[in-house]
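**Student:** My structure file model12.cif, mmCIF, C-alpha atoms and all ligand atoms, is below:
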data_target
loop_
_atom_site.group_PDB
_atom_site.id
_atom_site.type_symbol
_atom_site.label_atom_id
_atom_site.label_comp_id
_atom_site.auth_asym_id
_atom_site.auth_seq_id
_atom_site.Cartn_x
_atom_site.Cartn_y
_atom_site.Cartn_z
ATOM 1 C CA MET A 1 -97.047 -64.288 36.658
ATOM 2 C CA SER A 2 -96.148 -61.713 39.324
ATOM 3 C CA THR A 3 -93.002 -59.860 40.298
ATOM 4 C CA THR A 4 -91.076 -60.893 43.460
ATOM 5 C CA ASP A 5 -92.856 -59.595 46.584
ATOM 6 C CA ILE A 6 -90.581 -57.620 48.894
ATOM 7 C CA GLY A 7 -93.225 -56.040 51.107
ATOM 8 C CA PRO A 8 -96.385 -53.939 50.800
ATOM 9 C CA LYS A 9 -96.392 -51.706 47.704
ATOM 10 C CA GLY A 10 -97.833 -48.198 47.374
ATOM 11 C CA PRO A 11 -100.101 -47.255 44.460
ATOM 12 C CA VAL A 12 -97.108 -46.370 42.238
ATOM 13 C CA GLY A 13 -95.455 -49.739 42.955
ATOM 14 C CA GLN A 14 -98.704 -51.569 42.216
ATOM 15 C CA VAL A 15 -99.154 -49.784 38.885
ATOM 16 C CA GLY A 16 -95.486 -50.482 38.018
ATOM 17 C CA GLU A 17 -95.907 -54.176 38.833
ATOM 18 C CA ALA A 18 -99.114 -54.357 36.792
ATOM 19 C CA VAL A 19 -97.380 -52.777 33.778
ATOM 20 C CA VAL A 20 -94.376 -55.132 34.063
ATOM 21 C CA ASP A 21 -96.675 -58.160 34.347
ATOM 22 C CA TYR A 22 -98.829 -56.968 31.420
ATOM 23 C CA VAL A 23 -95.775 -56.617 29.144
ATOM 24 C CA ASP A 24 -94.198 -59.869 30.386
ATOM 25 C CA ASP A 25 -97.387 -61.903 29.827
ATOM 26 C CA ARG A 26 -97.470 -60.783 26.199
ATOM 27 C CA THR A 27 -93.741 -60.759 25.331
ATOM 28 C CA GLY A 28 -91.832 -62.910 27.819
ATOM 29 C CA ALA A 29 -89.492 -59.892 28.182
ATOM 30 C CA LYS A 30 -88.733 -60.616 31.856
ATOM 31 C CA THR A 31 -87.677 -64.176 31.050
ATOM 32 C CA GLY A 32 -85.466 -62.880 28.214
ATOM 33 C CA ILE A 33 -83.851 -60.173 30.365
ATOM 34 C CA THR A 34 -83.275 -62.664 33.202
ATOM 35 C CA TRP A 35 -81.680 -65.128 30.719
ATOM 36 C CA PHE A 36 -79.427 -62.369 29.394
ATOM 37 C CA LEU A 37 -78.371 -60.664 32.639
ATOM 38 C CA LYS A 38 -78.504 -63.314 35.386
ATOM 39 C CA ARG A 39 -75.791 -65.641 34.166
ATOM 40 C CA ASN A 40 -73.114 -67.529 36.059
ATOM 41 C CA ILE A 41 -69.612 -66.403 35.181
ATOM 42 C CA PRO A 42 -66.265 -68.078 35.931
ATOM 43 C CA ALA A 43 -64.952 -67.417 39.444
ATOM 44 C CA GLU A 44 -61.719 -65.784 38.248
ATOM 45 C CA THR A 45 -63.295 -63.371 35.758
ATOM 46 C CA SER A 46 -61.352 -60.089 35.970
ATOM 47 C CA TRP A 47 -61.207 -56.547 34.581
ATOM 48 C CA PHE A 48 -59.756 -57.980 31.350
ATOM 49 C CA GLN A 49 -63.195 -59.371 30.545
ATOM 50 C CA THR A 50 -64.795 -55.922 30.720
ATOM 51 C CA LEU A 51 -63.058 -54.444 27.652
ATOM 52 C CA GLY A 52 -65.798 -55.577 25.254
ATOM 53 C CA PHE A 53 -68.419 -53.893 27.398
ATOM 54 C CA ALA A 54 -66.251 -50.751 27.586
ATOM 55 C CA ALA A 55 -66.109 -50.680 23.748
ATOM 56 C CA MET A 56 -69.878 -51.064 23.660
ATOM 57 C CA ALA A 57 -70.393 -48.230 26.171
ATOM 58 C CA VAL A 58 -68.243 -45.915 24.014
ATOM 59 C CA PHE A 59 -70.286 -46.957 20.960
ATOM 60 C CA GLY A 60 -73.429 -45.857 22.840
ATOM 61 C CA LEU A 61 -71.767 -42.524 23.642
ATOM 62 C CA GLN A 62 -70.767 -42.081 19.978
ATOM 63 C CA ALA A 63 -74.381 -42.695 18.932
ATOM 64 C CA VAL A 64 -75.727 -40.091 21.365
ATOM 65 C CA THR A 65 -73.102 -37.397 20.612
ATOM 66 C CA GLY A 66 -73.443 -38.174 16.869
ATOM 67 C CA ILE A 67 -77.206 -37.484 16.987
ATOM 68 C CA PHE A 68 -76.529 -33.999 18.427
ATOM 69 C CA LEU A 69 -73.759 -33.257 15.920
ATOM 70 C CA ALA A 70 -76.048 -34.282 13.030
ATOM 71 C CA MET A 71 -78.543 -31.617 14.134
ATOM 72 C CA TYR A 72 -76.055 -28.901 13.127
ATOM 73 C CA TYR A 73 -73.751 -30.513 10.565
ATOM 74 C CA LYS A 74 -74.300 -29.708 6.850
ATOM 75 C CA PRO A 75 -73.123 -32.499 4.501
ATOM 76 C CA ASP A 76 -72.478 -30.059 1.663
ATOM 77 C CA THR A 77 -68.980 -29.153 0.434
ATOM 78 C CA ALA A 78 -69.749 -25.417 0.500
ATOM 79 C CA ARG A 79 -71.013 -25.410 4.097
ATOM 80 C CA ALA A 80 -69.525 -28.463 5.853
ATOM 81 C CA TYR A 81 -66.444 -26.784 7.351
ATOM 82 C CA ALA A 82 -68.415 -23.674 8.374
ATOM 83 C CA SER A 83 -70.975 -25.881 10.134
ATOM 84 C CA ILE A 84 -68.170 -27.594 12.079
ATOM 85 C CA GLU A 85 -66.843 -24.166 13.127
ATOM 86 C CA HIS A 86 -70.374 -23.164 14.148
ATOM 87 C CA ILE A 87 -70.705 -26.303 16.309
ATOM 88 C CA THR A 88 -67.328 -25.655 17.964
ATOM 89 C CA ASN A 89 -67.664 -21.916 18.554
ATOM 90 C CA ASP A 90 -71.361 -21.008 18.767
ATOM 91 C CA VAL A 91 -73.552 -23.965 19.713
ATOM 92 C CA THR A 92 -74.062 -24.426 23.488
ATOM 93 C CA TRP A 93 -71.800 -27.267 24.674
ATOM 94 C CA GLY A 94 -70.998 -27.875 20.968
ATOM 95 C CA TRP A 95 -67.225 -27.927 21.610
ATOM 96 C CA LEU A 96 -67.756 -30.555 24.319
ATOM 97 C CA VAL A 97 -70.030 -32.810 22.271
ATOM 98 C CA ARG A 98 -67.709 -32.585 19.249
ATOM 99 C CA GLY A 99 -64.658 -33.274 21.457
ATOM 100 C CA MET A 100 -66.371 -36.278 23.034
ATOM 101 C CA HIS A 101 -67.255 -37.661 19.595
ATOM 102 C CA LYS A 102 -63.740 -37.085 18.241
ATOM 103 C CA TRP A 103 -61.901 -38.626 21.217
ATOM 104 C CA GLY A 104 -64.592 -41.277 21.577
ATOM 105 C CA ALA A 105 -63.784 -42.505 18.054
ATOM 106 C CA SER A 106 -60.126 -43.074 18.974
ATOM 107 C CA ALA A 107 -61.082 -44.589 22.339
ATOM 108 C CA MET A 108 -63.455 -47.049 20.680
ATOM 109 C CA ILE A 109 -60.806 -48.238 18.203
ATOM 110 C CA VAL A 110 -58.232 -48.660 21.011
ATOM 111 C CA LEU A 111 -60.749 -50.535 23.214
ATOM 112 C CA VAL A 112 -61.841 -52.850 20.395
ATOM 113 C CA PHE A 113 -58.198 -53.751 19.687
ATOM 114 C CA LEU A 114 -57.483 -54.316 23.407
ATOM 115 C CA HIS A 115 -60.614 -56.475 23.691
ATOM 116 C CA MET A 116 -59.565 -58.502 20.636
ATOM 117 C CA GLY A 117 -56.054 -58.897 22.088
ATOM 118 C CA ARG A 118 -57.507 -60.163 25.381
ATOM 119 C CA VAL A 119 -59.734 -62.647 23.529
ATOM 120 C CA PHE A 120 -56.692 -63.865 21.564
ATOM 121 C CA ILE A 121 -54.321 -64.152 24.547
ATOM 122 C CA PHE A 122 -56.938 -65.946 26.690
ATOM 123 C CA GLY A 123 -57.722 -68.299 23.762
ATOM 124 C CA SER A 124 -61.418 -67.341 24.097
ATOM 125 C CA TYR A 125 -61.899 -67.666 20.318
ATOM 126 C CA LYS A 126 -61.620 -71.475 20.492
ATOM 127 C CA TYR A 127 -64.545 -73.941 20.293
ATOM 128 C CA PRO A 128 -67.414 -73.183 20.799
ATOM 129 C CA ARG A 129 -66.800 -69.422 20.384
ATOM 130 C CA GLU A 130 -65.535 -69.305 16.772
ATOM 131 C CA LEU A 131 -68.630 -67.437 15.552
ATOM 132 C CA THR A 132 -68.322 -64.912 18.390
ATOM 133 C CA TRP A 133 -64.829 -64.205 17.015
ATOM 134 C CA VAL A 134 -66.133 -63.939 13.409
ATOM 135 C CA THR A 135 -68.893 -61.481 14.393
ATOM 136 C CA GLY A 136 -66.228 -59.580 16.382
ATOM 137 C CA ALA A 137 -63.931 -59.403 13.330
ATOM 138 C CA ILE A 138 -66.829 -57.908 11.322
ATOM 139 C CA LEU A 139 -67.371 -55.385 14.155
ATOM 140 C CA LEU A 140 -63.684 -54.451 13.993
ATOM 141 C CA ILE A 141 -63.883 -53.755 10.234
ATOM 142 C CA MET A 142 -67.031 -51.673 10.711
ATOM 143 C CA THR A 143 -65.437 -49.707 13.577
ATOM 144 C CA MET A 144 -62.458 -48.846 11.356
ATOM 145 C CA PHE A 145 -64.833 -47.791 8.554
ATOM 146 C CA MET A 146 -66.573 -45.461 11.018
ATOM 147 C CA GLY A 147 -63.206 -43.813 11.644
ATOM 148 C CA LEU A 148 -62.433 -43.455 7.920
ATOM 149 C CA THR A 149 -65.845 -42.067 6.912
ATOM 150 C CA GLY A 150 -66.070 -39.730 9.921
ATOM 151 C CA TYR A 151 -62.634 -38.227 9.287
ATOM 152 C CA LEU A 152 -63.658 -36.745 5.922
ATOM 153 C CA LEU A 153 -66.742 -34.992 7.304
ATOM 154 C CA VAL A 154 -64.733 -32.071 8.777
ATOM 155 C CA TRP A 155 -63.850 -31.205 5.160
ATOM 156 C CA ASP A 156 -60.639 -29.307 5.926
ATOM 157 C CA GLU A 157 -57.313 -29.800 4.097
ATOM 158 C CA LYS A 158 -56.151 -32.548 6.456
ATOM 159 C CA ALA A 159 -59.406 -34.518 6.182
ATOM 160 C CA TYR A 160 -59.530 -34.116 2.407
ATOM 161 C CA TRP A 161 -55.970 -35.217 1.645
ATOM 162 C CA ALA A 162 -55.893 -38.003 4.234
ATOM 163 C CA THR A 163 -59.008 -39.482 2.614
ATOM 164 C CA VAL A 164 -57.554 -39.024 -0.894
ATOM 165 C CA VAL A 165 -54.549 -41.089 0.249
ATOM 166 C CA ALA A 166 -56.835 -43.751 1.820
ATOM 167 C CA MET A 167 -58.849 -43.985 -1.414
ATOM 168 C CA ASN A 168 -55.679 -44.275 -3.522
ATOM 169 C CA ILE A 169 -54.483 -47.126 -1.289
ATOM 170 C CA THR A 170 -57.902 -48.812 -1.632
ATOM 171 C CA ALA A 171 -57.791 -48.401 -5.437
ATOM 172 C CA SER A 172 -54.356 -50.032 -5.589
ATOM 173 C CA ALA A 173 -55.680 -53.310 -4.100
ATOM 174 C CA PRO A 174 -55.887 -56.104 -6.694
ATOM 175 C CA ILE A 175 -59.092 -56.911 -8.652
ATOM 176 C CA LEU A 176 -61.797 -55.271 -6.487
ATOM 177 C CA GLY A 177 -59.740 -52.277 -5.270
ATOM 178 C CA PRO A 178 -60.587 -49.810 -8.102
ATOM 179 C CA TYR A 179 -64.315 -50.672 -7.946
ATOM 180 C CA VAL A 180 -64.504 -50.296 -4.155
ATOM 181 C CA ALA A 181 -62.708 -46.920 -4.399
ATOM 182 C CA ASP A 182 -65.150 -45.756 -7.112
ATOM 183 C CA VAL A 183 -68.163 -46.820 -5.023
ATOM 184 C CA LEU A 184 -66.841 -44.991 -1.945
ATOM 185 C CA ARG A 185 -65.885 -41.849 -3.914
ATOM 186 C CA ALA A 186 -69.187 -41.904 -5.828
ATOM 187 C CA GLY A 187 -67.163 -41.699 -9.072
ATOM 188 C CA PRO A 188 -63.556 -41.340 -10.192
ATOM 189 C CA GLU A 189 -63.039 -37.930 -8.506
ATOM 190 C CA PHE A 190 -63.636 -36.425 -5.066
ATOM 191 C CA GLY A 191 -66.597 -34.046 -4.955
ATOM 192 C CA PRO A 192 -69.924 -33.139 -3.333
ATOM 193 C CA ASP A 193 -71.282 -36.662 -3.904
ATOM 194 C CA THR A 194 -68.290 -38.153 -2.072
ATOM 195 C CA LEU A 195 -69.124 -36.126 1.040
ATOM 196 C CA SER A 196 -72.831 -37.109 0.947
ATOM 197 C CA ARG A 197 -71.895 -40.738 0.440
ATOM 198 C CA PHE A 198 -69.451 -40.753 3.361
ATOM 199 C CA TYR A 199 -72.050 -38.968 5.502
ATOM 200 C CA SER A 200 -74.738 -41.535 4.685
ATOM 201 C CA ILE A 201 -72.375 -44.473 5.320
ATOM 202 C CA HIS A 202 -71.151 -42.862 8.570
ATOM 203 C CA MET A 203 -74.615 -41.897 9.826
ATOM 204 C CA LEU A 204 -76.843 -44.759 8.698
ATOM 205 C CA ALA A 205 -75.228 -47.776 7.083
ATOM 206 C CA ILE A 206 -72.421 -48.572 9.528
ATOM 207 C CA PRO A 207 -74.186 -47.647 12.800
ATOM 208 C CA GLY A 208 -77.083 -49.903 11.700
ATOM 209 C CA GLY A 209 -74.614 -52.698 10.916
ATOM 210 C CA LEU A 210 -72.733 -52.155 14.182
ATOM 211 C CA ALA A 211 -75.939 -52.257 16.249
ATOM 212 C CA THR A 212 -77.060 -55.459 14.481
ATOM 213 C CA PHE A 213 -73.733 -57.225 14.886
ATOM 214 C CA ILE A 214 -73.275 -56.070 18.505
ATOM 215 C CA GLY A 215 -76.703 -57.653 19.175
ATOM 216 C CA LEU A 216 -75.602 -60.903 17.517
ATOM 217 C CA HIS A 217 -72.225 -60.822 19.297
ATOM 218 C CA LEU A 218 -73.911 -60.336 22.682
ATOM 219 C CA PHE A 219 -76.459 -63.071 21.993
ATOM 220 C CA LEU A 220 -73.556 -65.478 21.382
ATOM 221 C CA VAL A 221 -71.733 -64.252 24.504
ATOM 222 C CA ALA A 222 -74.868 -64.844 26.608
ATOM 223 C CA LYS A 223 -75.624 -68.217 25.014
ATOM 224 C CA LEU A 224 -72.097 -69.615 25.304
ATOM 225 C CA GLY A 225 -71.129 -67.886 28.560
ATOM 226 C CA ILE A 226 -67.854 -66.114 29.277
ATOM 227 C CA SER A 227 -64.836 -68.382 28.743
ATOM 228 C CA GLU A 228 -62.745 -69.429 31.718
ATOM 229 C CA PRO A 229 -59.442 -67.492 31.982
ATOM 230 C CA PRO A 230 -56.398 -69.667 31.146
ATOM 231 C CA HIS A 231 -54.869 -68.914 34.592
ATOM 232 C CA SER A 232 -57.984 -70.258 36.378
ATOM 233 C CA HIS A 233 -57.136 -72.498 39.361
ATOM 234 C CA ARG A 234 -60.225 -74.641 38.735
ATOM 235 C CA LEU A 235 -59.115 -75.224 35.129
ATOM 236 C CA ALA A 236 -55.591 -76.121 36.335
ATOM 237 C CA ARG A 237 -57.075 -78.696 38.784
ATOM 238 C CA VAL A 238 -59.238 -80.205 36.013
ATOM 239 C CA ARG A 239 -56.202 -80.395 33.690
ATOM 240 C CA ARG A 240 -54.057 -82.060 36.399
ATOM 241 C CA ALA A 241 -56.806 -84.623 37.120
ATOM 242 C CA GLU A 242 -57.220 -85.324 33.384
ATOM 243 C CA GLU A 243 -53.465 -85.761 32.948
ATOM 244 C CA ALA A 244 -53.304 -88.147 35.953
ATOM 245 C CA ALA A 245 -56.212 -90.201 34.556
ATOM 246 C CA ARG A 246 -54.554 -90.326 31.110
ATOM 247 C CA ARG A 247 -51.246 -91.502 32.590
ATOM 248 C CA ALA A 248 -52.995 -94.142 34.724
ATOM 249 C CA ALA A 249 -54.874 -95.463 31.684
ATOM 250 C CA ALA A 250 -51.673 -95.560 29.589
ATOM 251 C CA ARG A 251 -49.745 -97.312 32.394
ATOM 252 C CA ASP A 252 -52.383 -100.053 32.767
ATOM 253 C CA ARG A 253 -52.211 -100.851 29.065
ATOM 254 C CA GLN A 254 -48.371 -101.316 28.987
ATOM 255 C CA PRO A 255 -47.067 -104.936 29.219
ATOM 256 C CA TYR A 256 -43.954 -103.799 31.161
ATOM 257 C CA GLY A 257 -45.654 -100.883 32.928
ATOM 258 C CA ARG A 258 -44.269 -99.866 36.326
ATOM 259 C CA ARG A 259 -47.010 -101.814 38.109
ATOM 260 C CA GLN A 260 -46.072 -105.188 36.566
ATOM 261 C CA VAL A 261 -42.294 -104.872 36.853
ATOM 262 C CA THR A 262 -41.039 -106.770 39.916
ATOM 263 C CA PRO A 263 -37.488 -108.183 40.436
ATOM 264 C CA GLU A 264 -38.809 -111.556 39.168
ATOM 265 C CA THR A 265 -40.494 -110.237 36.050
ATOM 266 C CA SER A 266 -38.064 -107.476 35.039
ATOM 267 C CA PRO A 267 -36.515 -107.859 31.543
ATOM 268 C CA GLN A 268 -33.009 -108.029 33.109
ATOM 269 C CA THR A 269 -33.897 -111.007 35.401
ATOM 270 C CA ILE A 270 -35.615 -112.853 32.548
ATOM 271 C CA SER A 271 -32.661 -112.465 30.149
ATOM 272 C CA ALA A 272 -30.104 -113.402 32.935
ATOM 273 C CA GLU A 273 -32.053 -116.615 33.505
ATOM 274 C CA GLY A 274 -31.949 -117.362 29.802
ATOM 275 C CA GLY A 275 -35.614 -116.553 29.205
ATOM 276 C CA GLN A 276 -37.008 -114.779 26.106
HETATM 277 C C1 LIG A 301 -67.564 -52.996 18.457
HETATM 278 C C2 LIG A 301 -66.755 -53.955 18.827
HETATM 279 C C3 LIG A 301 -67.027 -55.000 19.901
HETATM 280 C C4 LIG A 301 -67.912 -54.973 20.952
HETATM 281 C C5 LIG A 301 -68.868 -53.857 21.348
HETATM 282 C C6 LIG A 301 -67.754 -56.237 21.660
HETATM 283 C C7 LIG A 301 -68.458 -56.596 22.810
HETATM 284 C C8 LIG A 301 -68.218 -57.739 23.543
HETATM 285 C C9 LIG A 301 -68.707 -58.000 24.893
HETATM 286 C C10 LIG A 301 -69.568 -57.032 25.716
HETATM 287 C C11 LIG A 301 -68.261 -59.228 25.270
HETATM 288 C C12 LIG A 301 -68.486 -59.902 26.658
HETATM 289 C C13 LIG A 301 -67.174 -60.098 27.424
HETATM 290 C C14 LIG A 301 -66.202 -58.975 27.413
HETATM 291 O O1 LIG A 301 -66.604 -57.819 27.636
HETATM 292 O O2 LIG A 301 -65.001 -59.230 27.164
HETATM 293 C C15 LIG A 301 -67.499 -59.778 24.165
HETATM 294 C C16 LIG A 301 -66.930 -61.028 24.130
HETATM 295 C C17 LIG A 301 -66.232 -61.558 23.039
HETATM 296 N N1 LIG A 301 -65.803 -60.857 21.930
HETATM 297 FE FE1 LIG A 301 -66.303 -58.956 21.486
HETATM 298 N N2 LIG A 301 -66.814 -57.002 21.016
HETATM 299 C C18 LIG A 301 -66.338 -56.284 19.944
HETATM 300 C C19 LIG A 301 -65.335 -56.663 19.058
HETATM 301 C C20 LIG A 301 -64.735 -57.916 19.045
HETATM 302 C C21 LIG A 301 -63.650 -58.312 18.179
HETATM 303 C C22 LIG A 301 -62.942 -57.361 17.198
HETATM 304 C C23 LIG A 301 -63.406 -59.643 18.418
HETATM 305 C C24 LIG A 301 -62.400 -60.550 17.758
HETATM 306 C C25 LIG A 301 -62.089 -60.506 16.482
HETATM 307 C C26 LIG A 301 -64.328 -60.081 19.449
HETATM 308 C C27 LIG A 301 -64.435 -61.367 19.952
HETATM 309 C C28 LIG A 301 -65.088 -61.727 21.122
HETATM 310 C C29 LIG A 301 -65.104 -63.064 21.698
HETATM 311 C C30 LIG A 301 -64.459 -64.342 21.113
HETATM 312 C C31 LIG A 301 -65.811 -62.956 22.907
HETATM 313 C C32 LIG A 301 -66.088 -64.079 23.921
HETATM 314 C C33 LIG A 301 -65.035 -63.940 24.999
HETATM 315 C C34 LIG A 301 -65.194 -64.932 26.142
HETATM 316 O O3 LIG A 301 -66.109 -65.740 26.127
HETATM 317 O O4 LIG A 301 -64.343 -64.866 27.033
HETATM 318 N N3 LIG A 301 -65.099 -58.999 19.828
HETATM 319 N N4 LIG A 301 -67.477 -58.846 23.131
#
In structure tokens, how does this file's structure come out?
Ligand code: HEM

**Tutor:**
Amino acid sequence: MSTTDIGPKGPVGQVGEAVVDYVDDRTGAKTGITWFLKRNIPAETSWFQTLGFAAMAVFGLQAVTGIFLAMYYKPDTARAYASIEHITNDVTWGWLVRGMHKWGASAMIVLVFLHMGRVFIFGSYKYPRELTWVTGAILLIMTMFMGLTGYLLVWDEKAYWATVVAMNITASAPILGPYVADVLRAGPEFGPDTLSRFYSIHMLAIPGGLATFIGLHLFLVAKLGISEPPHSHRLARVRRAEEAARRAAARDRQPYGRRQVTPETSPQTISAEGGQ
């Protein structure tokens, strides 16, 4: 297999092509990437259908800024707040990276909700995309959990008490509530283990889950294709043609359908002549 020829290649181009062909022969990566990226999309696809991608881009940004924050953050109740102050005041560009991560969290939640709203209003969750919706709902829950677990990490008064309230609400849920709250708190009380647990969930468990489910979500999007917007002109033409065909079929089946009724055969003429 060889890459598309667009003219003579220099030595660098030739090496690049050889590497691409080597990898493709052994993995089929080019075929996979082509399948994923070179898809037909409905003619009237608009900016509304870019919200999911926007949420994904912010997730990528959160992952990158999070890696840099984790280099300086100390998940220890005695040092956590001081490490946040150090990031903000001393580390080069620390204030910017922290600000991007903080605002990025809110932006991601807003974008995920807008994306879900668009999917709902366009009816894109209907057959055959039900599982895309289910994987999306799991992504929404995980995104909200990222917000909850990240909020505590600052370990100031606001973070502490806001999370205490969230845990009390969780504990008040029927049956499983108290157990879930105990698992999250790492015991009945808030303490050093709570902070480590939130840090581990925030840093490892949920990002891993998010990456996995985003992969699954995107696989379904690529496999099923983007749904046609409800205002699509093509869809309206198809619906009109279907409706006309349905009416024609129904009319042909009726004994007194418009086609058969003539002055001679109309019910009024028949009854006036004394017929049945
Ligand atoms: C981290 C969160 C999420 C990410 C990164 C994400 C990403 C994406 C992307 C990139 C697409 C392709 C089209 C587009 O951009 O609109 C898409 C489509 C879709 N998403 Fe999401 N999504 C997320 C959350 C959700 C949620 C919360 C739901 C619903 C509960 C959902 C349901 C769907 C459905 C049904 C489609 C197919 C839409 C169509 O075919 O028109 N997604 N998603």

**Student:** What is the CA of His233 in chain A-CA of Ile41 in chain A distance in Å, reported with one decimal?

**Tutor:**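 Value for the CA of His233 in chain A-CA of Ile41 in chain A distance: 14.5 Å.
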
**Student:** Expand the PyMOL selection byres (((not hetatm)) within 7 of (chain A and resi 301)) into the explicit residue set it covers here, and present it as number ranges by chain.

**Tutor:** A: 48-53, 55-56, 112-113, 115-116, 119, 124-125, 129-130, 132-137, 139-140, 143, 210, 214, 217-218, 221, 225-228

**Student:** Report, in Å to a single decimal, how far apart CA of Ala105 in chain A and CA of Leu216 in chain A are.

**Tutor:**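 That distance, rounded to one decimal, is 21.9 Å.
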
**Student:** Range 144-259 of chain A near range 24-32 of chain A within 12 Å: what's each residue's closest atom pair and its distance in Å to one decimal, counting only C-alpha atoms, ordered by chain then ascending residue number, as JSON lines?

**Tutor:**
{"residue": "A:Phe219", "atom": "CA", "partner": "A:Gly32", "partner_atom": "CA", "distance": 10.9}
{"residue": "A:Ala222", "atom": "CA", "partner": "A:Gly32", "partner_atom": "CA", "distance": 10.9}
{"residue": "A:Lys223", "atom": "CA", "partner": "A:Gly32", "partner_atom": "CA", "distance": 11.6}

**Student:** Would you give the centre and edge lengths, in Å to one decimal, of a box along x, y and z around the listed atoms of range 165-184 of chain A, with 8 Å added to each side, as AutoDock Vina command-line options?

**Tutor:**
--center_x -61.3 --center_y -49.0 --center_z -3.4 --size_x 29.8 --size_y 31.8 --size_z 26.5

**Student:** Please evaluate the PyMOL selection byres (((chain A and resi 107) around 12) and not hetatm) against the displayed coordinates and give the resulting residues as an mmCIF file with C-alpha atoms, in the coordinates of the input.

**Tutor:**
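out-v7.cif, freshly written:
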data_model
loop_
_atom_site.group_PDB
_atom_site.id
_atom_site.type_symbol
_atom_site.label_atom_id
_atom_site.label_comp_id
_atom_site.auth_asym_id
_atom_site.auth_seq_id
_atom_site.Cartn_x
_atom_site.Cartn_y
_atom_site.Cartn_z
ATOM 1 C CA LEU A 51 -63.058 -54.444 27.652
ATOM 2 C CA ALA A 54 -66.251 -50.751 27.586
ATOM 3 C CA ALA A 55 -66.109 -50.680 23.748
ATOM 4 C CA MET A 56 -69.878 -51.064 23.660
ATOM 5 C CA ALA A 57 -70.393 -48.230 26.171
ATOM 6 C CA VAL A 58 -68.243 -45.915 24.014
ATOM 7 C CA PHE A 59 -70.286 -46.957 20.960
ATOM 8 C CA LEU A 61 -71.767 -42.524 23.642
ATOM 9 C CA GLN A 62 -70.767 -42.081 19.978
ATOM 10 C CA GLY A 99 -64.658 -33.274 21.457
ATOM 11 C CA MET A 100 -66.371 -36.278 23.034
ATOM 12 C CA HIS A 101 -67.255 -37.661 19.595
ATOM 13 C CA LYS A 102 -63.740 -37.085 18.241
ATOM 14 C CA TRP A 103 -61.901 -38.626 21.217
ATOM 15 C CA GLY A 104 -64.592 -41.277 21.577
ATOM 16 C CA ALA A 105 -63.784 -42.505 18.054
ATOM 17 C CA SER A 106 -60.126 -43.074 18.974
ATOM 18 C CA MET A 108 -63.455 -47.049 20.680
ATOM 19 C CA ILE A 109 -60.806 -48.238 18.203
ATOM 20 C CA VAL A 110 -58.232 -48.660 21.011
ATOM 21 C CA LEU A 111 -60.749 -50.535 23.214
ATOM 22 C CA VAL A 112 -61.841 -52.850 20.395
ATOM 23 C CA PHE A 113 -58.198 -53.751 19.687
ATOM 24 C CA LEU A 114 -57.483 -54.316 23.407
ATOM 25 C CA HIS A 115 -60.614 -56.475 23.691
ATOM 26 C CA THR A 143 -65.437 -49.707 13.577
ATOM 27 C CA MET A 144 -62.458 -48.846 11.356
ATOM 28 C CA GLY A 147 -63.206 -43.813 11.644
#

**Student:** Given only C-alpha atoms as the basis, pick out the residue of A:His231, A:Arg239, A:Asp76, A:Val154 nearest to Thr88 in chain A.

**Tutor:**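 Closest residue, counting only C-alpha atoms: A:Val154.
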
**Student:** Could range 208-218 of chain A be completed with N, CA and C atoms and written as a PDB file, in the frame of the given file, please?

**Tutor:**
ATOM      1  N   GLY A 208     -76.068 -48.842  11.761  1.00  0.00           N
ATOM      2  CA  GLY A 208     -77.083 -49.903  11.700  1.00  0.00           C
ATOM      3  C   GLY A 208     -76.417 -51.272  11.756  1.00  0.00           C
ATOM      4  N   GLY A 209     -75.344 -51.423  10.944  1.00  0.00           N
ATOM      5  CA  GLY A 209     -74.614 -52.698  10.916  1.00  0.00           C
ATOM      6  C   GLY A 209     -73.979 -52.996  12.267  1.00  0.00           C
ATOM      7  N   LEU A 210     -73.389 -51.962  12.872  1.00  0.00           N
ATOM      8  CA  LEU A 210     -72.733 -52.155  14.182  1.00  0.00           C
ATOM      9  C   LEU A 210     -73.757 -52.601  15.228  1.00  0.00           C
ATOM     10  N   ALA A 211     -74.922 -51.907  15.245  1.00  0.00           N
ATOM     11  CA  ALA A 211     -75.939 -52.257  16.249  1.00  0.00           C
ATOM     12  C   ALA A 211     -76.395 -53.700  16.042  1.00  0.00           C
ATOM     13  N   THR A 212     -76.606 -54.088  14.769  1.00  0.00           N
ATOM     14  CA  THR A 212     -77.060 -55.459  14.481  1.00  0.00           C
ATOM     15  C   THR A 212     -76.026 -56.475  14.944  1.00  0.00           C
ATOM     16  N   PHE A 213     -74.768 -56.236  14.555  1.00  0.00           N
ATOM     17  CA  PHE A 213     -73.733 -57.225  14.886  1.00  0.00           C
ATOM     18  C   PHE A 213     -73.379 -57.226  16.377  1.00  0.00           C
ATOM     19  N   ILE A 214     -73.503 -56.068  17.046  1.00  0.00           N
ATOM     20  CA  ILE A 214     -73.275 -56.070  18.505  1.00  0.00           C
ATOM     21  C   ILE A 214     -74.357 -56.941  19.157  1.00  0.00           C
ATOM     22  N   GLY A 215     -75.615 -56.823  18.650  1.00  0.00           N
ATOM     23  CA  GLY A 215     -76.703 -57.653  19.175  1.00  0.00           C
ATOM     24  C   GLY A 215     -76.392 -59.131  19.008  1.00  0.00           C
ATOM     25  N   LEU A 216     -75.927 -59.501  17.818  1.00  0.00           N
ATOM     26  CA  LEU A 216     -75.602 -60.903  17.517  1.00  0.00           C
ATOM     27  C   LEU A 216     -74.450 -61.395  18.391  1.00  0.00           C
ATOM     28  N   HIS A 217     -73.429 -60.527  18.495  1.00  0.00           N
ATOM     29  CA  HIS A 217     -72.225 -60.822  19.297  1.00  0.00           C
ATOM     30  C   HIS A 217     -72.628 -61.076  20.760  1.00  0.00           C
ATOM     31  N   LEU A 218     -73.494 -60.199  21.277  1.00  0.00           N
ATOM     32  CA  LEU A 218     -73.911 -60.336  22.682  1.00  0.00           C
ATOM     33  C   LEU A 218     -74.788 -61.562  22.899  1.00  0.00           C
TER      34      LEU A 218
END
